[in-house]
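Below is the file run_21.txt, which contains compact mmCIF, C-alpha atoms.
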```txt
# COMPACT_ATOMS: atom_id res chain seq x y z
CA MET L 278 -41.26 8.80 -20.05
CA VAL L 279 -38.43 9.02 -17.51
CA LEU L 280 -35.17 10.29 -19.02
CA PRO L 281 -32.27 7.81 -19.10
CA SER L 282 -29.22 8.28 -16.90
CA LEU L 283 -27.09 11.30 -17.80
CA ASN L 284 -23.99 9.13 -17.46
CA GLY L 285 -25.34 6.78 -20.09
CA MET L 286 -26.14 9.61 -22.48
CA ARG L 287 -22.69 11.17 -22.03
CA ALA L 288 -20.94 7.83 -22.56
CA PHE L 289 -22.98 7.05 -25.67
CA GLU L 290 -22.54 10.53 -27.19
CA ALA L 291 -18.76 10.44 -26.72
CA ALA L 292 -18.40 6.90 -28.12
CA ALA L 293 -20.58 7.71 -31.13
CA ARG L 294 -18.71 10.94 -31.83
CA LEU L 295 -15.26 9.41 -31.47
CA GLY L 296 -16.11 6.01 -32.95
CA SER L 297 -14.33 4.28 -30.10
CA ILE L 298 -15.15 3.10 -26.57
CA LYS L 299 -11.50 3.54 -25.59
CA ASP L 300 -11.30 7.15 -26.82
CA ALA L 301 -14.60 7.96 -25.13
CA ALA L 302 -13.22 6.55 -21.88
CA GLU L 303 -10.14 8.77 -22.14
CA GLU L 304 -12.24 11.86 -22.77
CA LEU L 305 -14.61 11.13 -19.88
CA HIS L 306 -11.85 9.95 -17.52
CA LEU L 307 -13.49 6.55 -17.11
CA THR L 308 -12.44 2.99 -17.85
CA PRO L 309 -13.57 1.43 -21.15
CA SER L 310 -15.57 -1.16 -19.21
CA ALA L 311 -17.41 1.61 -17.34
CA VAL L 312 -18.29 3.34 -20.62
CA SER L 313 -19.54 0.05 -22.04
CA ARG L 314 -21.69 -0.57 -18.96
CA HIS L 315 -23.23 2.90 -19.17
CA ILE L 316 -24.07 2.37 -22.85
CA ARG L 317 -25.56 -1.09 -22.22
CA THR L 318 -27.73 0.37 -19.47
CA LEU L 319 -28.87 3.14 -21.81
CA GLU L 320 -29.71 0.62 -24.55
CA LYS L 321 -31.67 -1.47 -22.06
CA THR L 322 -33.60 1.63 -20.95
CA LEU L 323 -34.40 2.54 -24.56
CA GLY L 324 -35.21 -1.03 -25.54
CA GLN L 325 -32.86 -1.21 -28.51
CA GLU L 326 -29.21 -1.36 -29.49
CA LEU L 327 -27.62 1.93 -30.54
CA PHE L 328 -24.37 0.56 -31.95
CA GLU L 329 -23.18 -1.93 -34.51
CA ARG L 330 -20.12 -3.24 -32.71
CA GLY L 331 -16.92 -4.21 -34.51
CA PHE L 332 -13.31 -4.91 -33.62
CA ARG L 333 -12.02 -1.86 -31.70
CA GLN L 334 -14.69 0.32 -33.33
CA VAL L 335 -18.35 1.11 -32.83
CA THR L 336 -20.71 2.49 -35.46
CA PRO L 337 -24.08 4.01 -34.53
CA THR L 338 -27.21 2.45 -36.00
CA MET L 339 -29.52 4.73 -37.96
CA ARG L 340 -31.51 5.61 -34.83
CA GLY L 341 -28.30 5.74 -32.81
CA SER L 342 -26.79 8.25 -35.24
CA TYR L 343 -29.84 10.50 -34.90
CA TYR L 344 -29.76 10.21 -31.10
CA ALA L 345 -26.01 10.90 -30.91
CA ARG L 346 -26.28 13.97 -33.13
CA THR L 347 -29.14 15.36 -31.05
CA LEU L 348 -27.30 14.71 -27.79
CA SER L 349 -24.16 16.41 -29.16
CA GLU L 350 -26.15 19.53 -29.97
CA ALA L 351 -27.77 19.49 -26.53
CA PHE L 352 -24.45 19.07 -24.67
CA GLU L 353 -22.90 21.84 -26.77
CA THR L 354 -25.74 24.17 -25.75
CA ILE L 355 -25.22 23.28 -22.09
CA TRP L 356 -21.46 23.87 -22.29
CA ARG L 357 -21.93 27.23 -23.98
CA ALA L 358 -24.51 28.38 -21.46
CA THR L 359 -22.25 27.30 -18.58
CA GLU L 360 -19.30 29.16 -20.08
CA ASP L 361 -21.39 32.29 -20.59
CA VAL L 362 -22.54 32.51 -16.98
CA SER L 363 -19.25 31.42 -15.39
CA LEU L 364 -17.18 34.18 -13.76
CA ARG L 365 -14.57 31.83 -12.30
CA GLU L 366 -11.84 32.72 -14.79
CA GLY L 367 -12.52 36.45 -15.06
CA PRO L 368 -13.14 38.57 -18.18
CA ARG L 369 -12.17 36.74 -21.38
CA SER L 370 -10.75 39.81 -23.08
CA GLN L 371 -8.07 40.27 -20.38
CA LYS L 372 -6.94 36.66 -20.09
CA ALA L 373 -4.52 34.85 -22.40
CA GLN L 374 -6.30 31.91 -23.98
CA ARG L 375 -4.25 28.82 -24.81
CA VAL L 376 -5.42 26.54 -27.61
CA LYS L 377 -3.89 23.10 -28.09
CA LEU L 378 -3.84 22.17 -31.77
CA MET L 379 -2.68 18.96 -33.41
CA CYS L 380 -2.14 19.45 -37.12
CA GLU L 381 -1.30 17.11 -39.99
CA PRO L 382 2.29 18.05 -41.04
CA THR L 383 1.51 18.75 -44.72
CA PHE L 384 -1.37 21.07 -43.86
CA LEU L 385 0.79 22.84 -41.28
CA ASN L 386 4.04 23.19 -43.21
CA LEU L 387 2.74 23.96 -46.70
CA TRP L 388 -0.33 26.05 -45.90
CA LEU L 389 -1.19 26.95 -42.31
CA ALA L 390 2.23 28.10 -41.04
CA ASP L 391 2.43 31.11 -43.38
CA ARG L 392 -1.05 32.23 -42.29
CA LEU L 393 -0.43 32.05 -38.55
CA PRO L 394 1.23 35.52 -38.34
CA ASP L 395 -2.10 37.04 -39.46
CA PHE L 396 -3.92 35.11 -36.76
CA ARG L 397 -1.49 36.28 -34.07
CA ARG L 398 -1.84 39.87 -35.24
CA LEU L 399 -5.64 39.69 -35.12
CA HIS L 400 -5.84 37.73 -31.86
CA PRO L 401 -2.82 38.50 -29.63
CA ASN L 402 -4.56 37.06 -26.55
CA VAL L 403 -4.76 33.56 -28.03
CA ASP L 404 -1.66 31.42 -27.55
CA LEU L 405 -1.31 28.37 -29.78
CA GLU L 406 0.37 25.14 -28.72
CA ILE L 407 0.88 23.11 -31.90
CA SER L 408 1.92 19.50 -32.30
CA THR L 409 1.97 17.17 -35.30
CA SER L 410 1.28 13.90 -33.50
CA GLY L 411 -0.33 12.49 -30.39
CA LYS L 412 -3.81 11.60 -29.22
CA ARG L 413 -6.72 13.69 -30.44
CA THR L 414 -8.32 13.48 -27.01
CA ASN L 415 -5.38 15.47 -25.57
CA VAL L 416 -5.87 18.58 -27.73
CA ASP L 417 -8.63 21.13 -28.24
CA LEU L 418 -8.64 20.91 -32.05
CA ALA L 419 -7.15 18.43 -34.48
CA ILE L 420 -6.62 18.88 -38.22
CA VAL L 421 -6.16 15.44 -39.79
CA ASP L 422 -6.13 13.81 -43.19
CA GLU L 423 -8.32 10.76 -43.50
CA PHE L 424 -9.93 8.51 -46.07
CA VAL L 425 -13.59 9.37 -46.52
CA TYR L 426 -14.79 5.87 -45.67
CA LYS L 427 -12.89 5.96 -42.36
CA ALA L 428 -14.05 9.41 -41.24
CA GLY L 429 -16.45 9.05 -38.34
CA PRO L 430 -19.01 11.52 -36.97
CA ALA L 431 -16.35 13.26 -34.86
CA LEU L 432 -14.68 14.65 -38.00
CA THR L 433 -15.91 17.60 -40.05
CA MET L 434 -14.72 17.72 -43.65
CA MET L 435 -12.91 20.98 -44.47
CA ILE L 436 -11.36 20.27 -47.87
CA PRO L 437 -11.61 17.23 -50.14
CA LEU L 438 -8.41 16.05 -51.79
CA LEU L 439 -8.33 17.19 -55.41
CA LEU L 440 -5.12 16.14 -57.14
CA THR L 441 -3.30 17.66 -60.10
CA PRO L 442 0.26 17.36 -61.46
CA VAL L 443 2.66 20.18 -60.58
CA CYS L 444 6.23 20.84 -61.66
CA ALA L 445 8.92 23.48 -62.03
CA PRO L 446 8.21 26.03 -64.80
CA SER L 447 11.35 24.89 -66.63
CA LEU L 448 9.79 21.49 -67.39
CA LEU L 449 6.96 22.99 -69.44
CA GLU L 450 9.22 23.70 -72.40
CA GLY L 451 11.97 21.16 -71.75
CA PRO L 452 13.14 18.36 -74.05
CA VAL L 453 9.70 16.71 -73.70
CA PRO L 454 7.13 19.53 -73.38
CA LEU L 455 4.02 18.91 -71.30
CA ARG L 456 1.17 19.38 -73.77
CA SER L 457 -1.20 16.66 -72.55
CA PRO L 458 -1.37 14.13 -69.69
CA ALA L 459 -0.03 11.46 -72.06
CA ASP L 460 3.33 13.28 -72.00
CA LEU L 461 3.68 12.32 -68.34
CA PHE L 462 4.79 8.84 -69.42
CA HIS L 463 8.01 10.41 -70.71
CA HIS L 464 8.83 12.18 -67.46
CA HIS L 465 10.16 11.27 -64.03
CA LEU L 466 7.26 11.11 -61.58
CA ILE L 467 7.48 11.76 -57.85
CA HIS L 468 5.33 9.36 -55.82
CA GLU L 469 3.97 9.89 -52.32
CA CYS L 470 4.69 6.65 -50.42
CA GLU L 471 3.40 4.43 -53.25
CA THR L 472 2.17 4.62 -56.86
CA THR L 473 -1.58 4.35 -56.20
CA ARG L 474 -2.39 8.05 -56.49
CA TRP L 475 -0.60 8.48 -59.80
CA LYS L 476 -2.12 5.27 -61.15
CA GLN L 477 -5.64 6.40 -60.27
CA TRP L 478 -5.11 9.92 -61.66
CA LEU L 479 -3.83 8.58 -64.98
CA GLU L 480 -6.75 6.16 -65.21
CA GLN L 481 -9.18 9.04 -64.64
CA GLU L 482 -7.56 10.69 -67.67
CA GLY L 483 -8.16 7.54 -69.70
CA LEU L 484 -4.51 6.52 -69.59
CA SER L 485 -4.75 3.04 -68.11
CA GLU L 486 -2.51 1.17 -70.53
CA GLY L 487 0.92 0.23 -69.35
CA ALA L 488 2.63 0.55 -66.02
CA VAL L 489 2.85 3.80 -64.11
CA PRO L 490 6.14 5.50 -65.06
CA ALA L 491 8.99 4.88 -62.64
CA GLY L 492 10.15 7.64 -60.36
CA SER L 493 11.13 8.67 -56.88
CA THR L 494 9.08 7.48 -53.89
CA LEU L 495 9.15 9.94 -51.00
CA HIS L 496 7.38 9.84 -47.65
CA ASP L 497 7.31 13.55 -46.82
CA CYS L 498 5.06 15.98 -48.70
CA THR L 499 7.24 19.01 -47.97
CA LEU L 500 10.20 17.17 -49.50
CA ILE L 501 8.04 16.21 -52.48
CA MET L 502 7.21 19.86 -53.14
CA ARG L 503 10.87 20.88 -52.81
CA GLU L 504 11.91 18.18 -55.27
CA ALA L 505 9.27 19.37 -57.72
CA MET L 506 10.42 23.01 -57.36
CA ASN L 507 14.00 21.91 -58.00
CA GLY L 508 12.98 20.29 -61.29
CA ALA L 509 13.55 16.72 -60.11
CA GLY L 510 10.25 15.52 -61.54
CA ILE L 511 6.50 15.95 -61.59
CA ALA L 512 4.53 15.60 -58.37
CA LEU L 513 0.85 14.96 -57.78
CA ALA L 514 -0.35 17.57 -55.31
CA ASP L 515 -3.58 18.42 -53.56
CA THR L 516 -4.71 22.03 -53.44
CA ILE L 517 -3.42 22.67 -49.90
CA MET L 518 0.04 21.47 -50.88
CA ALA L 519 0.13 23.55 -54.04
CA GLU L 520 -1.80 26.81 -53.53
CA ASP L 521 0.95 29.09 -52.22
CA LEU L 522 3.69 27.64 -54.44
CA LEU L 523 1.52 28.05 -57.54
CA ARG L 524 0.70 31.65 -56.61
CA GLN L 525 4.39 32.41 -56.05
CA GLY L 526 5.30 30.94 -59.45
CA LYS L 527 7.62 28.34 -57.90
CA LEU L 528 5.43 25.60 -59.35
CA VAL L 529 3.04 25.39 -62.28
CA ALA L 530 0.09 23.10 -63.00
CA PRO L 531 0.51 22.09 -66.66
CA PHE L 532 -3.03 20.67 -66.97
CA ALA L 533 -6.40 21.99 -65.86
CA ALA L 534 -7.63 18.53 -64.84
CA ARG L 535 -8.06 17.91 -61.11
CA HIS L 536 -9.40 14.59 -59.89
CA ALA L 537 -10.85 13.70 -56.50
CA TYR L 538 -9.07 11.22 -54.26
CA PRO L 539 -11.29 9.55 -51.61
CA ALA L 540 -9.77 11.47 -48.71
CA GLY L 541 -9.70 14.95 -47.28
CA TYR L 542 -8.57 17.27 -44.51
CA TYR L 543 -10.87 17.11 -41.50
CA LEU L 544 -11.35 19.14 -38.33
CA GLN L 545 -12.13 17.60 -34.96
CA GLN L 546 -13.07 19.54 -31.84
CA ARG L 547 -12.78 17.96 -28.42
CA ARG L 548 -16.34 18.36 -27.22
CA SER L 549 -15.52 18.44 -23.54
CA ILE L 550 -13.86 21.85 -23.96
CA GLY L 551 -17.33 23.33 -24.36
CA ASN L 552 -17.30 26.84 -25.76
CA LYS L 553 -13.69 27.59 -24.79
CA ALA L 554 -13.23 31.13 -26.04
CA GLY L 555 -9.78 30.82 -27.64
CA THR L 556 -10.74 27.62 -29.43
CA SER L 557 -13.85 29.21 -30.89
CA VAL L 558 -11.79 32.20 -32.08
CA PHE L 559 -9.19 30.00 -33.78
CA GLN L 560 -11.77 27.68 -35.30
CA ASP L 561 -13.76 30.57 -36.78
CA TRP L 562 -10.58 32.10 -38.21
CA LEU L 563 -9.42 28.75 -39.63
CA LEU L 564 -12.73 28.05 -41.36
CA ALA L 565 -12.71 31.55 -42.86
CA GLU L 566 -9.19 30.94 -44.22
CA VAL L 567 -10.28 27.59 -45.61
CA ALA L 568 -13.24 29.28 -47.33
CA GLY L 569 -10.78 31.72 -48.91
CA HIS L 570 -8.62 28.81 -50.05
CA LYS L 571 -11.63 27.18 -51.71
CA ARG L 572 -12.45 30.39 -53.57
CA ALA L 573 -8.84 30.82 -54.70
CA MET L 574 -8.64 27.22 -55.93
CA ASN L 575 -12.21 27.11 -57.35
CA ILE L 576 -13.38 24.33 -55.06
CA ALA L 577 -17.13 24.01 -54.74
```
Spell out the structure here as structure tokens.
Amino acid sequence: MVLPSLNGMRAFEAAARLGSIKDAAEELHLTPSAVSRHIRTLEKTLGQELFERGFRQVTPTMRGSYYARTLSEAFETIWRATEDVSLREGPRSQKAQRVKLMCEPTFLNLWLADRLPDFRRLHPNVDLEISTSGKRTNVDLAIVDEFVYKAGPALTMMIPLLLTPVCAPSLLEGPVPLRSPADLFHHHLIHECETTRWKQWLEQEGLSEGAVPAGSTLHDCTLIMREAMNGAGIALADTIMAEDLLRQGKLVAPFAARHAYPAGYYLQQRRSIGNKAGTSVFQDWLLAEVAGHKRAMNIA
């Protein structure tokens, strides 16, 4: 058979990977209507629809998902081969490599920031430009937190959210010692934005009777950890939030129980960067650090 138009394949692959016609258009420097036309032409050529279309979002069909994944692998191979044979930018080892990273603030402030000096020491030729907001299509790599059911094919799960209570060591033997999760009902709880996470965690411990204990509601995870360290109450933390503070003894986890929350930290790479050397270096280092985090926190 005759291969479909390359423009159609590129438009479809980008839209499937990003889950959005608009984001695909931004990445490919086209208009959304042009991307849609390319995809419709591709579907007509193949004789079937590749997307289930919804409001502001597109989801690949079963065959579309297979086709998108295969195309992504093929384009990645082409980009890497092109980078390998290109001499336009000179030897990689002598050129500073700038990587644009967008990082979820909690991941950055409570975990990644203290590990960046090691990265700079190991890779002095890689310059990082880090932001905590903006469009993912404008950066090389993005570290985001997302609900599992919302995470599209463009996102690679790094760490699932496993939650456990943490507090200052002084609360363990205070007026109301923390012997079992039921003792939490006699303490001040610190909530992140709303009470849902605490409610679900308590239910997973079989403590579903009664209302969730009142407490502070904060909208910044770094502030939540500082309040917990200062003895203001008990916070519910994921492993990224808690690892370093637990190791330093500034916080303790009174119970062994950790329960999954349907979300996680994900990594997204902007495909159009190809095999950009600095990005590959940072991504490999990051995933190695994440693997070490999983071992330290006993995450399968």
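Atom CA of Val567 of chain L sits 18.2 Å away from atom CA of Leu405 of chain L.
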Completion exercise
Expressed in Å, the length from atom CA of Ala519 of chain L to atom CA of Trp388 of chain L is 8.5 Å
Practice task
Within 7 Å of Tyr543 of chain L, counting only C-alpha atoms, which residues show up once you throw out same-chain ones fewer than 4 positions away? Write them as a list in words, please.
Solution key: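 Using only C-alpha atoms, the neighbours found are Ile420, Val421, Asp422, Leu432, Thr433, Met434 and Met435 of chain L.
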Exercise for the section: Please measure the separation of atom CA of Val376 of chain L and atom CA of Glu353 of chain L, giving the value in Å to one decimal. Expected result: 18.1 Å
Find the spatial neighbours of Met574 of chain L, counting all atoms listed in the file, within a cut-off of 9 Å - ignore same-chain residues fewer than 4 positions away - and output them as a PDB file with C-alpha atoms, in the frame of the given file.
```pdb
ATOM      1  CA  THR L 516      -4.710  22.030 -53.440  1.00  0.00           C
ATOM      2  CA  GLU L 520      -1.800  26.810 -53.530  1.00  0.00           C
ATOM      3  CA  GLY L 569     -10.780  31.720 -48.910  1.00  0.00           C
ATOM      4  CA  HIS L 570      -8.620  28.810 -50.050  1.00  0.00           C
TER       5      HIS L 570
END
```
Handout entry: Gly285 of chain L surroundings by all atoms listed in the file, 12 Å radius, close-in-sequence under 2 positions cut, as a PyMOL selection string
Key = chain L and resi 280-283+287-292+301+305+311-323+327+345+348
